[in-house]
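Participant: Mind looking over this structure? Questions follow.
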Amino acid sequence: MPKYDARFSQDISAYWTFQIRLARKNTGSKWHNYAKNLPTGIQTIKRRVPTRWMSERVTSWSGVKEMKVLVQGSANIHTGIE
């Protein structure tokens, strides 16, 4: 029996899947509502990061990077690998 979810072979980011999973569970997360509103299944999320700062203000952003994540329903959040 494999110890990993075979869907991760479809270019799904384990790191971002975990981050979304934490945000869905943690009501105090600033990403909680975003994560809870993602439909279950394989989803594509986008992210940009600051590349230049002036004091505390961001003056430049990176390009958009897309990654696939596996979003599990609330019943599966605590179970880990299915």
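Ordering of the structure tokens sets the chain letters (A, B, ...); residue numbers start at 1 within each chain; ligands are numbered from 1 in the order shown.
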Check range 2-81 of chain A with DSSP on the backbone and list each residue it calls alpha helix (DSSP H), as a list in words.
Facilitator: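 Taking range 2-81 of chain A and keeping alpha helix (DSSP H) gives Ala14, Tyr15, Trp16, Thr17, Phe18, Gln19, Ile20, Arg21, Leu22, Ala23, Arg24, Lys25, His32, Asn33, Tyr34, Ala35 and Lys36 of chain A.
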Participant: Name the residues in contact with range 32-42 of chain A at a cut-off of 8 Å, using only C-alpha atoms, excluding same-chain residues fewer than 2 positions from it; report them as a list in words.
Facilitator: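 Surrounding residues, per the criterion: Ile12, Ile20, Arg21, Ala23, Arg24, Lys25, Asn26, Thr27, Gly28, Ser29, Lys30, Thr44, Lys68, Val69, Leu70, Val71, Gln72 and Gly73 of chain A.
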Participant: Between CA of Thr17 in chain A and CA of Val49 in chain A, what is the spacing in Å?
Facilitator: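 Here the two named atoms are 18.0 Å from each other.
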Participant: Find the distance between CA of Ser13 in chain A and CA of Arg47 in chain A and write it in Å to one decimal.
Facilitator: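 Computed distance, CA of Ser13 in chain A to CA of Arg47 in chain A, equals 12.9 Å.
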Participant: Identify, on the basis of only C-alpha atoms, every residue whose closest approach to Lys65 in chain A does not exceed 9 Å; exclude the query and any residue fewer than 3 positions from it along the same chain; express the result as number ranges by chain.
Facilitator: A: 45-48, 62
Participant: With C-alpha atoms retained, export the selected residues as a tab-separated table (two decimals), in the first residue's frame.
Facilitator:
chain	number	residue	atom	x	y	z
A	45	ILE	CA	-4.05	28.96	-7.12
A	46	LYS	CA	-1.95	31.98	-8.01
A	47	ARG	CA	0.59	33.88	-5.95
A	48	ARG	CA	2.86	36.90	-6.26
A	62	SER	CA	7.00	39.36	-9.00
Participant: Rounded to one decimal, what separation in Å do you get between CA of Gly63 in chain A and CA of Ala14 in chain A?
Facilitator: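 It comes out at 21.3 Å.
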